[in-house]
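Pasting upload28.pdb here (PDB, C-alpha atoms):
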```pdb
MODEL        1
ATOM      1  CA  MET R   1      -2.546 -31.636 -13.692
ATOM      2  CA  SER R   2      -1.193 -29.299 -16.378
ATOM      3  CA  GLY R   3       1.461 -26.706 -15.685
ATOM      4  CA  PHE R   4      -1.082 -23.871 -15.809
ATOM      5  CA  GLU R   5      -3.444 -25.582 -13.385
ATOM      6  CA  HIS R   6      -0.551 -26.180 -11.010
ATOM      7  CA  TYR R   7       0.069 -22.420 -10.779
ATOM      8  CA  LEU R   8      -3.587 -21.412 -10.514
ATOM      9  CA  PRO R   9      -3.465 -20.902  -6.702
ATOM     10  CA  ASP R  10      -0.464 -18.582  -7.080
ATOM     11  CA  ILE R  11      -2.135 -16.732  -9.965
ATOM     12  CA  TRP R  12      -5.264 -16.226  -7.898
ATOM     13  CA  ALA R  13      -3.209 -15.050  -4.920
ATOM     14  CA  ALA R  14      -1.616 -12.467  -7.240
ATOM     15  CA  ILE R  15      -5.055 -11.373  -8.519
ATOM     16  CA  ILE R  16      -6.394 -10.878  -4.989
ATOM     17  CA  ALA R  17      -3.230  -9.064  -3.927
ATOM     18  CA  PHE R  18      -3.589  -6.797  -6.959
ATOM     19  CA  ALA R  19      -7.242  -6.072  -6.109
ATOM     20  CA  VAL R  20      -6.393  -5.193  -2.496
ATOM     21  CA  LEU R  21      -3.460  -2.995  -3.516
ATOM     22  CA  THR R  22      -5.573  -1.235  -6.158
ATOM     23  CA  TYR R  23      -8.263  -0.575  -3.563
ATOM     24  CA  VAL R  24      -5.689   0.877  -1.169
ATOM     25  CA  VAL R  25      -4.131   3.285  -3.667
ATOM     26  CA  LEU R  26      -7.474   4.346  -5.208
ATOM     27  CA  ASP R  27      -9.783   4.515  -2.209
ATOM     28  CA  GLY R  28      -6.852   5.669  -0.090
ATOM     29  CA  PHE R  29      -6.784   9.173  -1.533
ATOM     30  CA  ASP R  30     -10.487   9.812  -1.022
ATOM     31  CA  LEU R  31     -10.364   8.419   2.507
ATOM     32  CA  GLY R  32      -7.395  10.727   3.021
ATOM     33  CA  ILE R  33      -9.431  13.690   1.797
ATOM     34  CA  GLY R  34     -12.158  12.762   4.278
ATOM     35  CA  ILE R  35      -9.592  12.733   7.094
ATOM     36  CA  LEU R  36      -8.336  16.139   5.902
ATOM     37  CA  PHE R  37     -11.829  17.681   5.978
ATOM     38  CA  PRO R  38     -11.425  19.611   9.283
ATOM     39  CA  PHE R  39      -8.122  21.084   8.054
ATOM     40  CA  LEU R  40      -9.227  22.416   4.669
ATOM     41  CA  GLY R  41     -10.397  25.806   5.920
ATOM     42  CA  SER R  42     -13.561  27.132   4.341
ATOM     43  CA  ASP R  43     -16.720  25.323   3.327
ATOM     44  CA  GLU R  44     -15.868  26.217  -0.261
ATOM     45  CA  ASN R  45     -12.570  24.342   0.056
ATOM     46  CA  ARG R  46     -14.304  21.271   1.457
ATOM     47  CA  THR R  47     -16.830  21.373  -1.370
ATOM     48  CA  ARG R  48     -14.077  21.598  -3.990
ATOM     49  CA  ALA R  49     -12.212  18.697  -2.387
ATOM     50  CA  MET R  50     -15.368  16.607  -2.390
ATOM     51  CA  ASN R  51     -16.152  17.554  -5.992
ATOM     52  CA  SER R  52     -12.703  16.314  -7.010
ATOM     53  CA  ILE R  53     -13.517  12.774  -5.851
ATOM     54  CA  ALA R  54     -17.265  12.682  -6.557
ATOM     55  CA  PRO R  55     -17.033  11.074 -10.032
ATOM     56  CA  VAL R  56     -14.795   8.184  -8.937
ATOM     57  CA  TRP R  57     -14.971   7.533  -5.202
ATOM     58  CA  ASP R  58     -17.705   4.878  -5.171
ATOM     59  CA  GLY R  59     -16.150   2.951  -8.068
ATOM     60  CA  ASN R  60     -12.920   2.634  -6.103
ATOM     61  CA  GLU R  61     -14.611   0.299  -3.626
ATOM     62  CA  THR R  62     -15.239  -2.207  -6.424
ATOM     63  CA  TRP R  63     -11.733  -3.475  -5.760
ATOM     64  CA  LEU R  64     -12.487  -4.135  -2.097
ATOM     65  CA  VAL R  65     -15.468  -6.266  -3.108
ATOM     66  CA  MET R  66     -13.348  -8.127  -5.638
ATOM     67  CA  GLY R  67     -10.604  -8.827  -3.101
ATOM     68  CA  GLY R  68     -13.001 -10.072  -0.428
ATOM     69  CA  GLY R  69     -15.202 -12.014  -2.843
ATOM     70  CA  GLY R  70     -12.186 -13.600  -4.509
ATOM     71  CA  LEU R  71     -10.809 -14.691  -1.150
ATOM     72  CA  LEU R  72     -14.129 -16.365  -0.281
ATOM     73  CA  ALA R  73     -14.479 -18.102  -3.648
ATOM     74  CA  VAL R  74     -10.884 -19.234  -4.133
ATOM     75  CA  PHE R  75      -9.412 -19.554  -0.626
ATOM     76  CA  PRO R  76     -12.401 -20.408   1.608
ATOM     77  CA  LEU R  77     -10.215 -21.869   4.355
ATOM     78  CA  ALA R  78      -8.198 -18.661   4.630
ATOM     79  CA  TYR R  79     -11.380 -16.593   4.401
ATOM     80  CA  GLY R  80     -12.889 -18.446   7.363
ATOM     81  CA  VAL R  81      -9.770 -18.033   9.512
ATOM     82  CA  ILE R  82      -9.189 -14.377   8.647
ATOM     83  CA  LEU R  83     -12.843 -13.414   9.080
ATOM     84  CA  ASN R  84     -13.026 -15.092  12.486
ATOM     85  CA  ALA R  85      -9.754 -13.532  13.626
ATOM     86  CA  LEU R  86     -10.503 -10.014  12.396
ATOM     87  CA  TYR R  87     -14.285  -9.706  12.310
ATOM     88  CA  VAL R  88     -14.318  -6.855  14.851
ATOM     89  CA  PRO R  89     -12.179  -4.394  12.832
ATOM     90  CA  LEU R  90     -13.689  -5.648   9.560
ATOM     91  CA  ILE R  91     -17.241  -4.941  10.729
ATOM     92  CA  ILE R  92     -16.168  -1.539  12.051
ATOM     93  CA  MET R  93     -14.578  -0.776   8.674
ATOM     94  CA  LEU R  94     -17.671  -1.764   6.675
ATOM     95  CA  LEU R  95     -20.023   0.226   8.925
ATOM     96  CA  ALA R  96     -17.732   3.267   8.727
ATOM     97  CA  LEU R  97     -17.553   3.043   4.923
ATOM     98  CA  ALA R  98     -21.345   2.830   4.717
ATOM     99  CA  PHE R  99     -21.787   5.767   7.098
ATOM    100  CA  ARG R 100     -19.230   7.753   5.111
ATOM    101  CA  GLY R 101     -21.137   7.070   1.897
ATOM    102  CA  VAL R 102     -24.364   8.335   3.447
ATOM    103  CA  ALA R 103     -22.583  11.471   4.672
ATOM    104  CA  PHE R 104     -21.130  12.066   1.208
ATOM    105  CA  GLU R 105     -24.553  12.063  -0.423
ATOM    106  CA  PHE R 106     -26.451  13.914   2.318
ATOM    107  CA  ARG R 107     -23.894  16.727   2.528
ATOM    108  CA  GLY R 108     -24.807  17.859  -0.967
ATOM    109  CA  LYS R 109     -28.540  17.889  -0.239
ATOM    110  CA  THR R 110     -28.684  20.189   2.775
ATOM    111  CA  ARG R 111     -27.405  23.507   4.040
ATOM    112  CA  ARG R 112     -28.632  23.484   7.602
ATOM    113  CA  TRP R 113     -27.074  20.128   8.476
ATOM    114  CA  LYS R 114     -23.952  20.413   6.327
ATOM    115  CA  PRO R 115     -21.599  20.875   9.339
ATOM    116  CA  LEU R 116     -22.986  17.666  10.853
ATOM    117  CA  TRP R 117     -22.413  15.692   7.649
ATOM    118  CA  ASP R 118     -18.929  17.179   7.343
ATOM    119  CA  LYS R 119     -18.112  15.698  10.741
ATOM    120  CA  ALA R 120     -19.746  12.419   9.742
ATOM    121  CA  PHE R 121     -17.693  12.252   6.553
ATOM    122  CA  PHE R 122     -14.520  12.930   8.517
ATOM    123  CA  GLY R 123     -15.395  10.406  11.227
ATOM    124  CA  GLY R 124     -16.368   7.671   8.774
ATOM    125  CA  SER R 125     -13.171   8.168   6.784
ATOM    126  CA  LEU R 126     -10.955   8.165   9.879
ATOM    127  CA  ILE R 127     -12.576   5.137  11.516
ATOM    128  CA  ALA R 128     -12.544   3.128   8.266
ATOM    129  CA  THR R 129      -8.846   3.882   7.804
ATOM    130  CA  LEU R 130      -7.957   2.995  11.392
ATOM    131  CA  ALA R 131      -9.879  -0.271  11.031
ATOM    132  CA  GLN R 132      -8.077  -1.149   7.799
ATOM    133  CA  GLY R 133      -4.728  -0.501   9.456
ATOM    134  CA  ALA R 134      -5.731  -2.651  12.417
ATOM    135  CA  VAL R 135      -6.685  -5.474  10.019
ATOM    136  CA  LEU R 136      -3.239  -5.270   8.440
ATOM    137  CA  GLY R 137      -1.496  -5.319  11.809
ATOM    138  CA  GLY R 138      -3.640  -8.142  13.127
ATOM    139  CA  LEU R 139      -2.971 -10.218  10.014
ATOM    140  CA  LEU R 140       0.778  -9.654  10.147
ATOM    141  CA  GLN R 141       0.847 -10.767  13.788
ATOM    142  CA  GLY R 142      -0.471 -14.128  12.608
ATOM    143  CA  PRO R 143      -3.875 -15.359  13.815
ATOM    144  CA  ALA R 144      -3.807 -18.351  16.163
ATOM    145  CA  VAL R 145      -4.687 -21.449  14.125
ATOM    146  CA  THR R 146      -5.230 -24.989  15.383
ATOM    147  CA  GLY R 147      -5.663 -27.527  12.623
ATOM    148  CA  ARG R 148      -7.781 -25.737  10.031
ATOM    149  CA  SER R 149      -9.632 -23.325  12.336
ATOM    150  CA  PHE R 150      -9.003 -20.067  14.157
ATOM    151  CA  SER R 151      -8.396 -20.816  17.817
ATOM    152  CA  GLY R 152      -7.796 -17.362  19.267
ATOM    153  CA  GLY R 153     -10.020 -14.703  20.780
ATOM    154  CA  PRO R 154     -12.009 -11.881  19.145
ATOM    155  CA  MET R 155      -9.585  -9.187  20.321
ATOM    156  CA  ASP R 156      -6.279 -10.924  19.564
ATOM    157  CA  TRP R 157      -5.695  -8.439  16.741
ATOM    158  CA  LEU R 158      -5.473  -5.532  19.196
ATOM    159  CA  SER R 159      -1.864  -4.754  20.113
ATOM    160  CA  TRP R 160       0.696  -1.988  20.033
ATOM    161  CA  PHE R 161       1.699  -3.177  16.550
ATOM    162  CA  SER R 162      -1.827  -3.057  15.085
ATOM    163  CA  LEU R 163      -2.362   0.380  16.623
ATOM    164  CA  GLY R 164       0.871   1.505  14.977
ATOM    165  CA  THR R 165      -0.159   0.162  11.564
ATOM    166  CA  ALA R 166      -3.548   1.876  11.964
ATOM    167  CA  LEU R 167      -1.897   5.255  12.576
ATOM    168  CA  ALA R 168       0.582   4.610   9.757
ATOM    169  CA  LEU R 169      -2.261   4.038   7.305
ATOM    170  CA  VAL R 170      -3.931   7.281   8.389
ATOM    171  CA  ALA R 171      -0.708   9.165   7.613
ATOM    172  CA  GLY R 172      -0.323   7.344   4.292
ATOM    173  CA  TYR R 173      -3.879   8.066   3.168
ATOM    174  CA  VAL R 174      -3.497  11.731   4.129
ATOM    175  CA  MET R 175      -0.321  11.801   2.025
ATOM    176  CA  LEU R 176      -2.244  10.446  -0.980
ATOM    177  CA  GLY R 177      -5.209  12.739  -0.357
ATOM    178  CA  ALA R 178      -2.976  15.820  -0.220
ATOM    179  CA  ALA R 179      -1.322  14.862  -3.512
ATOM    180  CA  TRP R 180      -4.751  14.386  -5.114
ATOM    181  CA  ILE R 181      -5.881  17.837  -3.983
ATOM    182  CA  VAL R 182      -2.707  19.385  -5.391
ATOM    183  CA  LEU R 183      -3.402  17.560  -8.649
ATOM    184  CA  LYS R 184      -7.056  18.585  -8.878
ATOM    185  CA  THR R 185      -7.379  22.050  -7.304
ATOM    186  CA  SER R 186      -5.730  25.478  -7.055
ATOM    187  CA  LYS R 187      -5.393  28.622  -4.925
ATOM    188  CA  ASP R 188      -5.841  28.379  -1.135
ATOM    189  CA  LEU R 189      -6.868  24.714  -1.102
ATOM    190  CA  TYR R 190      -3.858  23.836  -3.244
ATOM    191  CA  ASP R 191      -1.478  25.638  -0.861
ATOM    192  CA  ARG R 192      -2.981  23.961   2.199
ATOM    193  CA  ALA R 193      -2.651  20.536   0.597
ATOM    194  CA  ARG R 194       0.996  21.142  -0.279
ATOM    195  CA  ARG R 195       1.873  21.948   3.340
ATOM    196  CA  ILE R 196      -0.109  19.003   4.702
ATOM    197  CA  GLY R 197       1.421  16.638   2.134
ATOM    198  CA  GLU R 198       4.959  17.527   3.217
ATOM    199  CA  ARG R 199       4.180  16.723   6.855
ATOM    200  CA  ALA R 200       2.220  13.587   5.993
ATOM    201  CA  LEU R 201       5.155  12.247   3.948
ATOM    202  CA  ILE R 202       7.541  12.616   6.879
ATOM    203  CA  VAL R 203       5.109  10.919   9.277
ATOM    204  CA  THR R 204       4.376   8.117   6.795
ATOM    205  CA  LEU R 205       8.045   7.334   6.184
ATOM    206  CA  GLY R 206       8.664   7.453   9.928
ATOM    207  CA  PHE R 207       5.913   4.901  10.572
ATOM    208  CA  ILE R 208       7.198   2.697   7.721
ATOM    209  CA  GLY R 209      10.639   2.779   9.296
ATOM    210  CA  LEU R 210       9.250   1.795  12.707
ATOM    211  CA  ALA R 211       7.142  -0.987  11.178
ATOM    212  CA  SER R 212      10.175  -2.271   9.262
ATOM    213  CA  LEU R 213      12.133  -2.448  12.511
ATOM    214  CA  ALA R 214       9.310  -4.156  14.392
ATOM    215  CA  THR R 215       7.995  -6.661  11.818
ATOM    216  CA  PRO R 216      11.013  -9.039  11.773
ATOM    217  CA  PHE R 217      10.595  -9.510  15.533
ATOM    218  CA  LEU R 218       6.920 -10.462  15.342
ATOM    219  CA  ASN R 219       7.856 -13.950  14.188
ATOM    220  CA  PRO R 220      11.201 -15.771  13.807
ATOM    221  CA  ASP R 221      10.232 -16.658  10.223
ATOM    222  CA  TYR R 222       9.926 -12.978   9.370
ATOM    223  CA  PHE R 223      13.422 -12.345  10.709
ATOM    224  CA  GLN R 224      14.785 -15.217   8.647
ATOM    225  CA  ARG R 225      13.105 -14.010   5.474
ATOM    226  CA  TRP R 226      14.325 -10.445   5.862
ATOM    227  CA  PHE R 227      17.922 -11.082   6.838
ATOM    228  CA  ALA R 228      18.869 -14.458   5.350
ATOM    229  CA  TRP R 229      20.159 -14.840   1.787
ATOM    230  CA  PRO R 230      18.684 -13.984  -0.758
ATOM    231  CA  GLY R 231      15.887 -12.124   1.071
ATOM    232  CA  VAL R 232      18.399  -9.672   2.487
ATOM    233  CA  LEU R 233      18.898  -8.283  -1.039
ATOM    234  CA  LEU R 234      15.255  -7.256  -1.255
ATOM    235  CA  SER R 235      15.321  -6.068   2.360
ATOM    236  CA  ALA R 236      18.129  -3.709   1.415
ATOM    237  CA  LEU R 237      16.653  -2.672  -1.937
ATOM    238  CA  VAL R 238      13.149  -1.761  -0.735
ATOM    239  CA  PRO R 239      14.292   0.998   1.707
ATOM    240  CA  ILE R 240      16.460   2.558  -1.008
ATOM    241  CA  LEU R 241      13.527   2.616  -3.427
ATOM    242  CA  LEU R 242      11.256   3.966  -0.678
ATOM    243  CA  LEU R 243      13.681   6.806  -0.066
ATOM    244  CA  GLY R 244      13.708   7.575  -3.797
ATOM    245  CA  ALA R 245       9.896   7.595  -3.926
ATOM    246  CA  GLY R 246       9.806   9.834  -0.852
ATOM    247  CA  ILE R 247      12.209  12.321  -2.446
ATOM    248  CA  GLY R 248      10.089  12.274  -5.607
ATOM    249  CA  TYR R 249       6.948  13.017  -3.593
ATOM    250  CA  TRP R 250       8.657  15.799  -1.615
ATOM    251  CA  ARG R 251       9.935  17.580  -4.705
ATOM    252  CA  ALA R 252       6.676  17.198  -6.615
ATOM    253  CA  ILE R 253       4.386  18.310  -3.788
ATOM    254  CA  ARG R 254       6.438  21.513  -3.429
ATOM    255  CA  SER R 255       5.863  22.375  -7.083
ATOM    256  CA  ASP R 256       2.898  22.202  -9.419
ATOM    257  CA  ARG R 257       3.394  18.504 -10.193
ATOM    258  CA  GLY R 258       0.464  16.872  -8.460
ATOM    259  CA  LEU R 259       0.466  13.846 -10.740
ATOM    260  CA  ILE R 260       4.115  13.055  -9.938
ATOM    261  CA  ALA R 261       3.398  13.496  -6.227
ATOM    262  CA  TYR R 262       0.412  11.161  -6.419
ATOM    263  CA  LEU R 263       2.341   8.543  -8.412
ATOM    264  CA  SER R 264       5.230   8.786  -5.935
ATOM    265  CA  GLY R 265       2.768   8.219  -3.098
ATOM    266  CA  ILE R 266       1.445   5.159  -4.908
ATOM    267  CA  ALA R 267       5.040   3.932  -5.299
ATOM    268  CA  ILE R 268       5.494   4.182  -1.521
ATOM    269  CA  PHE R 269       2.433   1.994  -0.992
ATOM    270  CA  VAL R 270       3.486  -0.498  -3.682
ATOM    271  CA  LEU R 271       6.949  -0.873  -2.141
ATOM    272  CA  SER R 272       5.443  -1.319   1.333
ATOM    273  CA  PHE R 273       3.125  -3.958  -0.122
ATOM    274  CA  ALA R 274       6.154  -5.682  -1.652
ATOM    275  CA  GLY R 275       7.755  -5.789   1.786
ATOM    276  CA  LEU R 276       4.576  -7.366   3.143
ATOM    277  CA  GLY R 277       4.695  -9.999   0.392
ATOM    278  CA  LEU R 278       8.345 -10.726   1.180
ATOM    279  CA  SER R 279       7.361 -11.331   4.801
ATOM    280  CA  ILE R 280       4.481 -13.774   4.337
ATOM    281  CA  PHE R 281       4.789 -15.548   0.950
ATOM    282  CA  PRO R 282       3.871 -18.411   0.348
ATOM    283  CA  TYR R 283       1.473 -18.148   3.307
ATOM    284  CA  ILE R 284      -1.953 -16.582   2.959
ATOM    285  CA  VAL R 285      -2.617 -16.771   6.708
ATOM    286  CA  PRO R 286       0.818 -15.767   8.006
ATOM    287  CA  MET R 287       2.877 -18.702   9.194
ATOM    288  CA  SER R 288      -0.154 -21.001   9.483
ATOM    289  CA  ILE R 289      -1.825 -21.736   6.130
ATOM    290  CA  THR R 290      -0.113 -21.592   2.748
ATOM    291  CA  ILE R 291      -1.685 -20.463  -0.509
ATOM    292  CA  ARG R 292      -1.907 -24.030  -1.782
ATOM    293  CA  GLU R 293      -3.326 -25.416   1.464
ATOM    294  CA  ALA R 294      -6.124 -22.830   1.414
ATOM    295  CA  ALA R 295      -6.996 -23.108  -2.294
ATOM    296  CA  SER R 296     -10.234 -24.574  -3.605
ATOM    297  CA  GLY R 297     -10.282 -27.522  -6.022
ATOM    298  CA  THR R 298      -8.790 -27.166  -9.489
ATOM    299  CA  SER R 299     -12.175 -27.049 -11.225
ATOM    300  CA  SER R 300     -13.349 -24.201  -8.949
ATOM    301  CA  LEU R 301     -10.119 -22.316  -9.491
ATOM    302  CA  MET R 302     -10.417 -22.665 -13.260
ATOM    303  CA  PHE R 303     -14.082 -21.673 -13.348
ATOM    304  CA  THR R 304     -13.524 -18.528 -11.284
ATOM    305  CA  PHE R 305     -10.382 -17.695 -13.253
ATOM    306  CA  VAL R 306     -12.361 -17.639 -16.502
ATOM    307  CA  GLY R 307     -14.769 -15.155 -14.913
ATOM    308  CA  ALA R 308     -11.897 -13.014 -13.655
ATOM    309  CA  ALA R 309     -10.203 -13.088 -17.071
ATOM    310  CA  ILE R 310     -13.403 -11.699 -18.609
ATOM    311  CA  PHE R 311     -14.401  -9.097 -16.038
ATOM    312  CA  LEU R 312     -11.050  -7.869 -14.682
ATOM    313  CA  PRO R 313     -10.049  -6.176 -17.966
ATOM    314  CA  ILE R 314     -13.526  -4.611 -18.164
ATOM    315  CA  ILE R 315     -13.219  -3.180 -14.647
ATOM    316  CA  LEU R 316      -9.713  -1.913 -15.388
ATOM    317  CA  ALA R 317     -10.857  -0.295 -18.628
ATOM    318  CA  TYR R 318     -13.859   1.356 -16.970
ATOM    319  CA  THR R 319     -11.703   2.645 -14.100
ATOM    320  CA  ALA R 320      -9.099   4.054 -16.477
ATOM    321  CA  TYR R 321     -11.822   5.655 -18.636
ATOM    322  CA  ALA R 322     -13.508   7.281 -15.634
ATOM    323  CA  TYR R 323     -10.259   8.843 -14.459
ATOM    324  CA  TRP R 324      -9.452   9.968 -18.000
ATOM    325  CA  VAL R 325     -12.838  11.632 -18.520
ATOM    326  CA  PHE R 326     -12.585  13.555 -15.237
ATOM    327  CA  ARG R 327      -8.893  14.442 -15.562
ATOM    328  CA  GLY R 328      -7.672  17.978 -14.960
ATOM    329  CA  LYS R 329      -8.370  20.441 -12.182
ATOM    330  CA  THR R 330     -11.900  20.936 -10.872
ATOM    331  CA  SER R 331     -13.698  24.220 -11.393
ATOM    332  CA  GLU R 332     -14.659  26.384  -8.439
ATOM    333  CA  HIS R 333     -18.296  26.222  -9.592
ATOM    334  CA  GLU R 334     -18.372  22.525 -10.438
ATOM    335  CA  HIS R 335     -20.869  20.250  -8.730
ATOM    336  CA  HIS R 336     -21.138  16.486  -9.152
ATOM    337  CA  TYR R 337     -23.891  15.680  -6.633
TER     338      TYR R 337
ENDMDL
END
```
Rewrite the structure of this file - the entire thing - as structure tokens.
Amino acid sequence: MSGFEHYLPDIWAAIIAFAVLTYVVLDGFDLGIGILFPFLGSDENRTRAMNSIAPVWDGNETWLVMGGGGLLAVFPLAYGVILNALYVPLIIMLLALAFRGVAFEFRGKTRRWKPLWDKAFFGGSLIATLAQGAVLGGLLQGPAVTGRSFSGGPMDWLSWFSLGTALALVAGYVMLGAAWIVLKTSKDLYDRARRIGERALIVTLGFIGLASLATPFLNPDYFQRWFAWPGVLLSALVPILLLGAGIGYWRAIRSDRGLIAYLSGIAIFVLSFAGLGLSIFPYIVPMSITIREAASGTSSLMFTFVGAAIFLPIILAYTAYAYWVFRGKTSEHEHHY
């Protein structure tokens, strides 16, 4: 086995992690806007907020498909365990995302039923976010594995910790959504988003702090990784960087620097994701199945890697182009659907 082939499982783990993180930071802001819907004031404000995400929101979910499809193709053992352990919140998430998509389209086609579809868009966004947070919490708790199979129950994921991560993700997505609105709009909607963003930042950092205190006690291995040398260096560095990103968001959201606020919000998510990686690497199913144990054969890894090497740059280029074309603030009279 060549050196490159030896590292293929780790490379694929990095690709899937990148896809999941990209989904979170891209789809996170439009889910956050959906959660903010009841707090945006007038129907005109809600329409402007929706117009700001209309050109890009459905493309953001490409990354969710890539992350889930990559996990199935490259780490089928982990896919089977994770799907069995978390199928309840995963199904809830997928149904909520589908319902949210229907509400998004139908809202622009009716006047009489617009209030109903506003509520549906809010509910779908909130439920999808709560489900994603519950998936994260359930995964971090470590599914029960016997041999090569999940041996727990369908509701093992449900705990005080998974409920906390679900609420934390709601706050984080609202933080991103508020920054996006500041970036893309003006006037009353802009002012509302600024105030909401300030509060959402405080709540998000508070939840991150609580999660950071709780996570090392979920599993003795987590505690060892966080507080033993050299992991303690990263454990000390990440909170400092998080504080810096939080200060950057706070200052930017209070001024007309929506892009800086949004990028600072992304930095908060990236640093939190780094803390997650520090906790579980080299496991893909925490403390049960490693990346290499779950990986497919070398030929399968190489074949799928060639496909990823071709299509990943195309997806990245298309995503970047879409955001570039629709850059700038939205017009009050603009309609995308």
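The result of the PyMOL selection byres ((chain R and resi 28) around 10) on the shown file is Leu21, Thr22, Tyr23, Val24, Val25, Leu26, Asp27, Phe29, Asp30, Leu31, Gly32, Ile33, Gly34, Trp57, Asn60, Ser125, Thr129, Leu169, Val170, Gly172, Tyr173, Val174, Met175, Leu176, Gly177 and Ile266 of chain R.
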Selection file, C-alpha atoms, as a compact mmCIF listing (two decimals), keeping the file's coordinate frame:
```
# COMPACT_ATOMS: atom_id res chain seq x y z
CA LEU R 21 -3.46 -3.00 -3.52
CA THR R 22 -5.57 -1.24 -6.16
CA TYR R 23 -8.26 -0.57 -3.56
CA VAL R 24 -5.69 0.88 -1.17
CA VAL R 25 -4.13 3.28 -3.67
CA LEU R 26 -7.47 4.35 -5.21
CA ASP R 27 -9.78 4.51 -2.21
CA PHE R 29 -6.78 9.17 -1.53
CA ASP R 30 -10.49 9.81 -1.02
CA LEU R 31 -10.36 8.42 2.51
CA GLY R 32 -7.40 10.73 3.02
CA ILE R 33 -9.43 13.69 1.80
CA GLY R 34 -12.16 12.76 4.28
CA TRP R 57 -14.97 7.53 -5.20
CA ASN R 60 -12.92 2.63 -6.10
CA SER R 125 -13.17 8.17 6.78
CA THR R 129 -8.85 3.88 7.80
CA LEU R 169 -2.26 4.04 7.30
CA VAL R 170 -3.93 7.28 8.39
CA GLY R 172 -0.32 7.34 4.29
CA TYR R 173 -3.88 8.07 3.17
CA VAL R 174 -3.50 11.73 4.13
CA MET R 175 -0.32 11.80 2.02
CA LEU R 176 -2.24 10.45 -0.98
CA GLY R 177 -5.21 12.74 -0.36
CA ILE R 266 1.44 5.16 -4.91
```
Checklist entry - On this structure, which residues satisfy the PyMOL selection byres ((chain R and resi 260) around 10), written as a list in words? => result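 Against this file, the PyMOL selection byres ((chain R and resi 260) around 10) returns the residues Ala179, Leu183, Ala245, Gly248, Tyr249, Trp250, Arg251, Ala252, Ile253, Ser255, Asp256, Arg257, Gly258, Leu259, Ala261, Tyr262, Leu263, Ser264, Gly265 and Ile266 of chain R.
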Item to check | Matched chain/residue IDs from the PyMOL selection byres ((chain R and resi 80) around 12), as a count of residues only | outcome: 27
Distance table requested - region 128-155 of chain R against region 97-113 of chain R, cut-off 12 Å, all atoms listed in the file: one row per qualifying residue with the closest atom pair and its distance in Å to one decimal, ordered by chain and rising residue number, as JSON lines.
```
{"residue": "R:Ala128", "atom": "CA", "partner": "R:Leu97", "partner_atom": "CA", "distance": 6.0}
{"residue": "R:Thr129", "atom": "CA", "partner": "R:Leu97", "partner_atom": "CA", "distance": 9.2}
{"residue": "R:Leu130", "atom": "CA", "partner": "R:Leu97", "partner_atom": "CA", "distance": 11.6}
{"residue": "R:Ala131", "atom": "CA", "partner": "R:Leu97", "partner_atom": "CA", "distance": 10.4}
{"residue": "R:Gln132", "atom": "CA", "partner": "R:Leu97", "partner_atom": "CA", "distance": 10.8}
```
Each side padded by 8 Å, which centre and which edge lengths in Å (one decimal) define the axis-aligned box around the listed atoms of region 284-299 of chain R? Give them as AutoDock Vina command-line options.
```
--center_x -4.6 --center_y -21.6 --center_z -0.9 --size_x 31.1 --size_y 27.8 --size_z 36.7
```
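Distance-wise, CA of Lys187 (chain R) and CA of Arg254 (chain R) end up 13.9 Å apart.
Nearest to Asp118 (chain R) of all the residues R:Ala14, R:Leu163, R:Leu213, R:Leu40 is R:Leu40, based on only C-alpha atoms.
As for CA of Leu205 (chain R) and CA of Leu243 (chain R), they are spaced 8.4 Å apart.
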Since the input has fewer atoms than a full residue there, write region 108-117 of chain R out with N, CA and C atoms, as a compact mmCIF listing (two decimals), in the frame of the given file.
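Produced file part_18.txt, reproduced below:
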```txt
# COMPACT_ATOMS: atom_id res chain seq x y z
N GLY R 108 -24.45 17.05 0.20
CA GLY R 108 -24.81 17.86 -0.97
C GLY R 108 -26.28 18.18 -1.08
N LYS R 109 -27.09 17.69 -0.15
CA LYS R 109 -28.54 17.89 -0.24
C LYS R 109 -29.08 18.80 0.85
N THR R 110 -28.21 19.36 1.67
CA THR R 110 -28.68 20.19 2.78
C THR R 110 -27.73 21.34 3.04
N ARG R 111 -28.23 22.41 3.57
CA ARG R 111 -27.40 23.51 4.04
C ARG R 111 -27.37 23.55 5.56
N ARG R 112 -28.53 23.37 6.15
CA ARG R 112 -28.63 23.48 7.60
C ARG R 112 -27.77 22.45 8.31
N TRP R 113 -27.77 21.21 7.79
CA TRP R 113 -27.07 20.13 8.48
C TRP R 113 -25.70 19.82 7.86
N LYS R 114 -25.24 20.68 6.98
CA LYS R 114 -23.95 20.41 6.33
C LYS R 114 -22.80 20.25 7.32
N PRO R 115 -22.68 21.09 8.37
CA PRO R 115 -21.60 20.88 9.34
C PRO R 115 -21.64 19.50 10.00
N LEU R 116 -22.86 19.00 10.26
CA LEU R 116 -22.99 17.67 10.85
C LEU R 116 -22.48 16.59 9.89
N TRP R 117 -22.85 16.70 8.61
CA TRP R 117 -22.41 15.69 7.65
C TRP R 117 -20.93 15.84 7.32
```
